[in-house]
file start.cif (mmCIF, C-alpha atoms)
data_query
loop_
_atom_site.group_PDB
_atom_site.id
_atom_site.type_symbol
_atom_site.label_atom_id
_atom_site.label_comp_id
_atom_site.auth_asym_id
_atom_site.auth_seq_id
_atom_site.Cartn_x
_atom_site.Cartn_y
_atom_site.Cartn_z
ATOM 1 C CA MET A 178 0.000 0.000 0.000
ATOM 2 C CA THR A 179 1.669 3.220 -1.125
ATOM 3 C CA ASN A 180 -0.202 5.611 1.168
ATOM 4 C CA GLN A 181 0.784 3.791 4.342
ATOM 5 C CA PRO A 182 2.163 6.278 6.890
ATOM 6 C CA GLN A 183 5.672 5.562 7.996
ATOM 7 C CA ALA A 184 5.281 7.180 11.422
ATOM 8 C CA TYR A 185 2.475 7.084 13.955
ATOM 9 C CA VAL A 186 2.416 9.900 16.492
ATOM 10 C CA ALA A 187 -0.039 9.926 19.374
ATOM 11 C CA VAL A 188 -1.445 13.308 20.329
ATOM 12 C CA VAL A 189 -2.827 13.198 23.856
ATOM 13 C CA GLY A 190 -4.417 15.826 26.047
ATOM 14 C CA PRO A 191 -7.578 16.848 27.869
ATOM 15 C CA GLY A 192 -10.812 15.828 26.214
ATOM 16 C CA HIS A 193 -12.954 18.318 28.101
ATOM 17 C CA LEU A 194 -11.631 21.569 26.592
ATOM 18 C CA THR A 195 -14.095 23.861 24.858
ATOM 19 C CA ALA A 196 -13.863 26.248 21.917
ATOM 20 C CA GLY A 197 -11.538 29.161 22.476
ATOM 21 C CA ASP A 198 -9.072 27.327 24.699
ATOM 22 C CA PRO A 199 -5.587 28.103 23.323
ATOM 23 C CA LEU A 200 -4.528 24.472 23.721
ATOM 24 C CA LEU A 201 -7.009 23.538 21.007
ATOM 25 C CA ALA A 202 -5.270 25.832 18.519
ATOM 26 C CA SER A 203 -1.942 24.206 19.438
ATOM 27 C CA ALA A 204 -3.392 20.715 19.020
ATOM 28 C CA TYR A 205 -4.835 21.689 15.625
ATOM 29 C CA GLU A 206 -1.413 22.944 14.493
ATOM 30 C CA VAL A 207 0.253 19.756 15.742
ATOM 31 C CA GLY A 208 -2.214 17.567 13.840
ATOM 32 C CA ALA A 209 -1.856 19.581 10.627
ATOM 33 C CA ALA A 210 1.949 19.549 10.769
ATOM 34 C CA LEU A 211 2.077 15.807 11.449
ATOM 35 C CA ALA A 212 -0.225 15.114 8.507
ATOM 36 C CA THR A 213 1.798 17.388 6.233
ATOM 37 C CA ALA A 214 4.890 15.381 7.174
ATOM 38 C CA GLY A 215 3.119 12.124 6.256
ATOM 39 C CA ALA A 216 2.616 10.847 9.805
ATOM 40 C CA ALA A 217 -0.587 9.267 11.067
ATOM 41 C CA VAL A 218 -2.193 10.947 14.073
ATOM 42 C CA VAL A 219 -3.312 8.540 16.806
ATOM 43 C CA THR A 220 -5.668 9.743 19.561
ATOM 44 C CA GLY A 221 -8.245 8.512 22.026
ATOM 45 C CA GLY A 222 -10.854 9.552 19.463
ATOM 46 C CA LEU A 223 -12.991 11.879 21.546
ATOM 47 C CA GLY A 224 -13.181 15.687 22.000
ATOM 48 C CA GLY A 225 -10.912 18.471 23.185
ATOM 49 C CA VAL A 226 -7.252 18.077 22.230
ATOM 50 C CA MET A 227 -8.007 14.773 20.512
ATOM 51 C CA ALA A 228 -10.621 16.296 18.201
ATOM 52 C CA ALA A 229 -8.541 19.412 17.495
ATOM 53 C CA ALA A 230 -5.491 17.348 16.482
ATOM 54 C CA CYS A 231 -7.665 15.146 14.282
ATOM 55 C CA ARG A 232 -9.324 18.168 12.679
ATOM 56 C CA GLY A 233 -5.914 19.666 11.889
ATOM 57 C CA ALA A 234 -4.689 16.403 10.389
ATOM 58 C CA ALA A 235 -7.893 15.899 8.399
ATOM 59 C CA ASP A 236 -7.771 19.467 7.054
ATOM 60 C CA ALA A 237 -4.202 18.750 5.886
ATOM 61 C CA GLY A 238 -5.301 15.512 4.173
ATOM 62 C CA GLY A 239 -3.800 13.191 6.777
ATOM 63 C CA LEU A 240 -4.743 9.886 8.347
ATOM 64 C CA THR A 241 -6.266 9.847 11.837
ATOM 65 C CA LEU A 242 -6.865 6.864 14.083
ATOM 66 C CA GLY A 243 -9.026 7.032 17.200
ATOM 67 C CA LEU A 244 -8.995 4.299 19.832
ATOM 68 C CA LEU A 245 -12.273 4.901 21.640
ATOM 69 C CA PRO A 246 -12.839 4.027 25.300
ATOM 70 C CA GLY A 247 -16.379 2.755 24.765
ATOM 71 C CA THR A 248 -18.118 0.379 22.401
ATOM 72 C CA ASP A 249 -20.044 2.950 20.363
ATOM 73 C CA ARG A 250 -18.334 4.146 17.195
ATOM 74 C CA ALA A 251 -20.828 7.048 17.087
ATOM 75 C CA ALA A 252 -19.007 8.612 20.070
ATOM 76 C CA ALA A 253 -15.978 9.311 17.852
ATOM 77 C CA ASN A 254 -15.032 12.810 16.811
ATOM 78 C CA PRO A 255 -15.979 13.549 13.192
ATOM 79 C CA TRP A 256 -12.380 14.011 11.970
ATOM 80 C CA LEU A 257 -11.297 10.407 12.385
ATOM 81 C CA THR A 258 -10.314 8.375 9.357
ATOM 82 C CA LEU A 259 -10.593 5.190 11.416
ATOM 83 C CA SER A 260 -12.325 4.705 14.750
ATOM 84 C CA VAL A 261 -11.874 1.606 16.869
ATOM 85 C CA PRO A 262 -14.308 1.135 19.762
ATOM 86 C CA SER A 263 -12.209 -0.713 22.341
ATOM 87 C CA GLY A 264 -14.657 -1.122 25.213
ATOM 88 C CA LEU A 265 -11.661 -0.709 27.534
ATOM 89 C CA GLY A 266 -12.467 2.644 29.136
ATOM 90 C CA GLU A 267 -9.347 4.488 30.229
ATOM 91 C CA ALA A 268 -7.319 1.307 29.743
ATOM 92 C CA ARG A 269 -7.388 2.168 26.039
ATOM 93 C CA ASN A 270 -4.736 4.797 26.897
ATOM 94 C CA ALA A 271 -2.200 1.972 26.797
ATOM 95 C CA LEU A 272 -3.259 1.128 23.240
ATOM 96 C CA VAL A 273 -2.984 4.754 22.160
ATOM 97 C CA VAL A 274 0.623 5.103 23.277
ATOM 98 C CA ARG A 275 1.673 1.550 22.372
ATOM 99 C CA SER A 276 0.545 2.083 18.769
ATOM 100 C CA ALA A 277 2.653 5.246 18.426
ATOM 101 C CA ASP A 278 6.309 5.804 17.616
ATOM 102 C CA ALA A 279 6.295 9.024 19.696
ATOM 103 C CA VAL A 280 3.796 10.951 21.825
ATOM 104 C CA ILE A 281 2.959 14.651 21.931
ATOM 105 C CA ALA A 282 1.107 15.694 25.098
ATOM 106 C CA VAL A 283 -0.782 18.970 24.629
ATOM 107 C CA GLY A 284 -1.867 20.279 28.013
ATOM 108 C CA GLY A 285 -2.570 17.980 30.880
ATOM 109 C CA SER A 286 -5.295 16.098 32.687
ATOM 110 C CA TRP A 287 -5.231 12.899 34.740
ATOM 111 C CA GLY A 288 -5.838 10.847 31.605
ATOM 112 C CA THR A 289 -2.989 12.651 29.871
ATOM 113 C CA LEU A 290 -0.697 11.939 32.800
ATOM 114 C CA SER A 291 -1.539 8.239 32.568
ATOM 115 C CA GLU A 292 -0.676 8.259 28.868
ATOM 116 C CA VAL A 293 2.613 10.057 29.553
ATOM 117 C CA ALA A 294 3.521 7.509 32.236
ATOM 118 C CA LEU A 295 2.558 4.536 30.064
ATOM 119 C CA ALA A 296 4.465 5.945 27.093
ATOM 120 C CA ARG A 297 7.628 6.385 29.144
ATOM 121 C CA ARG A 298 7.235 2.917 30.643
ATOM 122 C CA LEU A 299 7.100 1.577 27.065
ATOM 123 C CA GLY A 300 10.162 3.583 26.049
ATOM 124 C CA ARG A 301 8.297 6.050 23.849
ATOM 125 C CA VAL A 302 9.614 9.601 23.654
ATOM 126 C CA VAL A 303 7.104 12.120 25.028
ATOM 127 C CA ILE A 304 7.084 15.739 23.929
ATOM 128 C CA SER A 305 5.169 18.033 26.281
ATOM 129 C CA LEU A 306 3.529 21.174 24.928
ATOM 130 C CA ALA A 307 2.139 23.193 27.846
ATOM 131 C CA GLY A 308 1.669 19.928 29.692
ATOM 132 C CA TRP A 309 2.848 17.843 32.591
ATOM 133 C CA SER A 310 6.264 18.198 34.140
ATOM 134 C CA VAL A 311 7.027 15.104 36.192
ATOM 135 C CA GLN A 312 9.377 15.250 39.192
ATOM 136 C CA ASP A 313 10.919 12.521 41.291
ATOM 137 C CA SER A 314 10.617 12.351 45.083
ATOM 138 C CA SER A 315 13.506 14.806 45.516
ATOM 139 C CA GLY A 316 11.801 17.397 43.297
ATOM 140 C CA ALA A 317 14.171 16.898 40.358
ATOM 141 C CA ALA A 318 12.587 16.888 36.913
ATOM 142 C CA VAL A 319 12.307 13.440 35.381
ATOM 143 C CA GLY A 320 13.541 14.093 31.858
ATOM 144 C CA ASP A 321 14.325 10.538 30.817
ATOM 145 C CA GLY A 322 12.857 10.425 27.310
ATOM 146 C CA SER A 323 10.676 13.470 27.814
ATOM 147 C CA THR A 324 11.112 16.827 26.118
ATOM 148 C CA THR A 325 9.352 20.144 26.542
ATOM 149 C CA ALA A 326 8.487 22.043 23.373
ATOM 150 C CA CYS A 327 7.845 25.780 23.149
ATOM 151 C CA ASP A 328 5.412 25.625 20.232
ATOM 152 C CA PRO A 329 3.600 23.130 17.962
ATOM 153 C CA ALA A 330 6.287 23.195 15.257
ATOM 154 C CA GLU A 331 9.013 22.317 17.760
ATOM 155 C CA ALA A 332 6.846 19.528 19.212
ATOM 156 C CA VAL A 333 6.282 18.012 15.782
ATOM 157 C CA ARG A 334 9.973 18.231 14.820
ATOM 158 C CA ALA A 335 10.936 16.458 18.050
ATOM 159 C CA ALA A 336 8.259 13.768 17.631
ATOM 160 C CA LEU A 337 9.247 13.041 14.046
ATOM 161 C CA ALA A 338 12.915 12.860 15.019
ATOM 162 C CA ALA A 339 12.015 10.399 17.788
ATOM 163 C CA ALA A 340 9.899 8.375 15.354
ATOM 164 C CA ARG A 341 12.826 8.177 12.916
ATOM 165 C CA GLN A 342 15.097 6.977 15.725
ATOM 166 C CA SER A 343 12.559 4.284 16.586
ATOM 167 C CA GLY A 344 12.753 2.983 13.021
ATOM 168 C CA ALA A 345 9.795 4.844 11.519
ATOM 169 C CA GLN A 346 10.477 6.952 8.421
ATOM 170 C CA PRO A 347 8.084 9.877 7.838
ATOM 171 C CA THR A 348 7.580 10.186 4.106
ATOM 172 C CA ARG A 349 7.238 13.960 3.594
ATOM 173 C CA GLY A 350 8.515 17.175 5.079
ATOM 174 C CA ALA A 351 10.064 17.493 8.553
#

call {"tool": "encode", "arguments": {"input": "start.cif", "output": "structure tokens"}}
result
Amino acid sequence: MTNQPQAYVAVVGPGHLTAGDPLLASAYEVGAALATAGAAVVTGGLGGVMAAACRGAADAGGLTLGLLPGTDRAAANPWLTLSVPSGLGEARNALVVRSADAVIAVGGSWGTLSEVALARRLGRVVISLAGWSVQDSSGAAVGDGSTTACDPAEAVRAALAAARQSGAQPTRGA
């Protein structure tokens, strides 16, 4: 299949955000830039950051995959190319990050923190854009495999570089 993406990047973040939240604009930019570079965007398939990233990717002609927590495909955001109802609830967060070559966390919520932790446990690079900063018990930042980005373009560059290092080869741009 010639249109198969060579990199899969998970975009994770709060699903409860509403229109006008600046994180949504960042997530949209991340999704669009990933799609332009030929990467597939993987999300939890619902609203907020997930929907904004998918909308950006879809507007740029990219592939989006949503791994839904419930069993109803109708719950998916409308910008998904593929939606997979897992029936796993929040446990689907493990599938989201396991299916990705790198993870971009836009903002933070408890669900986002679980995805960040699971991604790091699996050895995935996590790029944080206005998101969680994890510290150890002494208060030192835990930077092992995690990067903070200043803007969406920097987050995408870092994620695509991490994907290339993991063996994925984005086909365009970046």

call {"tool": "atom_distance", "arguments": {"input": "start.cif", "atom1": "atom CA of Arg341 of chain A", "atom2": "atom CA of Pro199 of chain A"}}
result
29.1 Å

call {"tool": "closest_atom_pairs", "arguments": {"input": "start.cif", "of": "segment 223-338 of chain A", "to": "segment 200-219 of chain A", "cutoff": "9 Å", "atoms": "all atoms listed in the file", "output": "CSV"}}
result
residue,atom,partner,partner_atom,distance
A:Gly225,CA,A:Leu201,CA,6.8
A:Val226,CA,A:Leu201,CA,5.6
A:Met227,CA,A:Ala204,CA,7.7
A:Ala228,CA,A:Tyr205,CA,8.3
A:Ala229,CA,A:Tyr205,CA,4.7
A:Ala230,CA,A:Gly208,CA,4.2
A:Cys231,CA,A:Gly208,CA,6.0
A:Arg232,CA,A:Tyr205,CA,6.4
A:Gly233,CA,A:Ala209,CA,4.3
A:Ala234,CA,A:Ala209,CA,4.3
A:Ala235,CA,A:Ala209,CA,7.4
A:Asp236,CA,A:Ala209,CA,6.9
A:Ala237,CA,A:Ala209,CA,5.4
A:Gly238,CA,A:Ala212,CA,6.7
A:Gly239,CA,A:Ala212,CA,4.4
A:Leu240,CA,A:Ala217,CA,5.0
A:Thr241,CA,A:Val218,CA,4.8
A:Leu242,CA,A:Val219,CA,4.8
A:Gly243,CA,A:Val219,CA,5.9
A:Leu244,CA,A:Val219,CA,7.7
A:Val273,CA,A:Val219,CA,6.6
A:Val274,CA,A:Val219,CA,8.3
A:Ser276,CA,A:Val219,CA,7.8
A:Ala277,CA,A:Val219,CA,7.0
A:Ile281,CA,A:Val207,CA,8.5
A:Val283,CA,A:Ala204,CA,6.4
A:Gly284,CA,A:Leu200,CA,6.6
A:Leu306,CA,A:Ser203,CA,8.3
A:Ala307,CA,A:Leu200,CA,7.9
A:Asp328,CA,A:Ser203,CA,7.5
A:Pro329,CA,A:Val207,CA,5.2
A:Ala330,CA,A:Val207,CA,7.0
A:Ala332,CA,A:Val207,CA,7.5
A:Val333,CA,A:Val207,CA,6.3
A:Arg334,CA,A:Leu211,CA,8.9
A:Ala336,CA,A:Leu211,CA,9.0
A:Leu337,CA,A:Leu211,CA,8.1

call {"tool": "atom_distance", "arguments": {"input": "start.cif", "atom1": "atom CA of Arg250 of chain A", "atom2": "atom CA of Arg269 of chain A"}}
result
14.2 Å

call {"tool": "atom_distance", "arguments": {"input": "start.cif", "atom1": "atom CA of Asn270 of chain A", "atom2": "atom CA of Thr324 of chain A"}}
result
19.9 Å

call {"tool": "resolve_selection", "arguments": {"input": "start.cif", "expression": "the PyMOL selection byres ((chain A and resi 292) around 8)", "output": "short mmCIF file (atom, residue, chain, number, x, y, z; two decimals) with C-alpha atoms, in the coordinates of the input"}}
result
data_model
loop_
_atom_site.label_atom_id
_atom_site.label_comp_id
_atom_site.auth_asym_id
_atom_site.auth_seq_id
_atom_site.Cartn_x
_atom_site.Cartn_y
_atom_site.Cartn_z
CA VAL A 189 -2.83 13.20 23.86
CA ASN A 270 -4.74 4.80 26.90
CA ALA A 271 -2.20 1.97 26.80
CA VAL A 273 -2.98 4.75 22.16
CA VAL A 274 0.62 5.10 23.28
CA GLY A 288 -5.84 10.85 31.60
CA THR A 289 -2.99 12.65 29.87
CA LEU A 290 -0.70 11.94 32.80
CA SER A 291 -1.54 8.24 32.57
CA VAL A 293 2.61 10.06 29.55
CA ALA A 294 3.52 7.51 32.24
CA LEU A 295 2.56 4.54 30.06
CA ALA A 296 4.46 5.94 27.09
#

call {"tool": "resolve_selection", "arguments": {"input": "start.cif", "expression": "the PyMOL selection byres ((chain A and resi 340) around 10)", "output": "PyMOL selection string"}}
result
chain A and resi 183-186+216+277-280+301-302+334-339+341-347

call {"tool": "write_last_selection", "arguments": {"input": "start.cif", "atoms": "C-alpha atoms", "output": "compact mmCIF listing (two decimals), in the frame of the given file"}}
result
# COMPACT_ATOMS: atom_id res chain seq x y z
CA GLN A 183 5.67 5.56 8.00
CA ALA A 184 5.28 7.18 11.42
CA TYR A 185 2.48 7.08 13.96
CA VAL A 186 2.42 9.90 16.49
CA ALA A 216 2.62 10.85 9.80
CA ALA A 277 2.65 5.25 18.43
CA ASP A 278 6.31 5.80 17.62
CA ALA A 279 6.30 9.02 19.70
CA VAL A 280 3.80 10.95 21.82
CA ARG A 301 8.30 6.05 23.85
CA VAL A 302 9.61 9.60 23.65
CA ARG A 334 9.97 18.23 14.82
CA ALA A 335 10.94 16.46 18.05
CA ALA A 336 8.26 13.77 17.63
CA LEU A 337 9.25 13.04 14.05
CA ALA A 338 12.92 12.86 15.02
CA ALA A 339 12.02 10.40 17.79
CA ARG A 341 12.83 8.18 12.92
CA GLN A 342 15.10 6.98 15.72
CA SER A 343 12.56 4.28 16.59
CA GLY A 344 12.75 2.98 13.02
CA ALA A 345 9.80 4.84 11.52
CA GLN A 346 10.48 6.95 8.42
CA PRO A 347 8.08 9.88 7.84

call {"tool": "resolve_selection", "arguments": {"input": "start.cif", "expression": "the PyMOL selection byres ((chain A and resi 285) around 6)", "output": "list in words"}}
result
Gly190, Pro191, Gly284, Ser286, Thr289, Gly308 and Trp309 of chain A
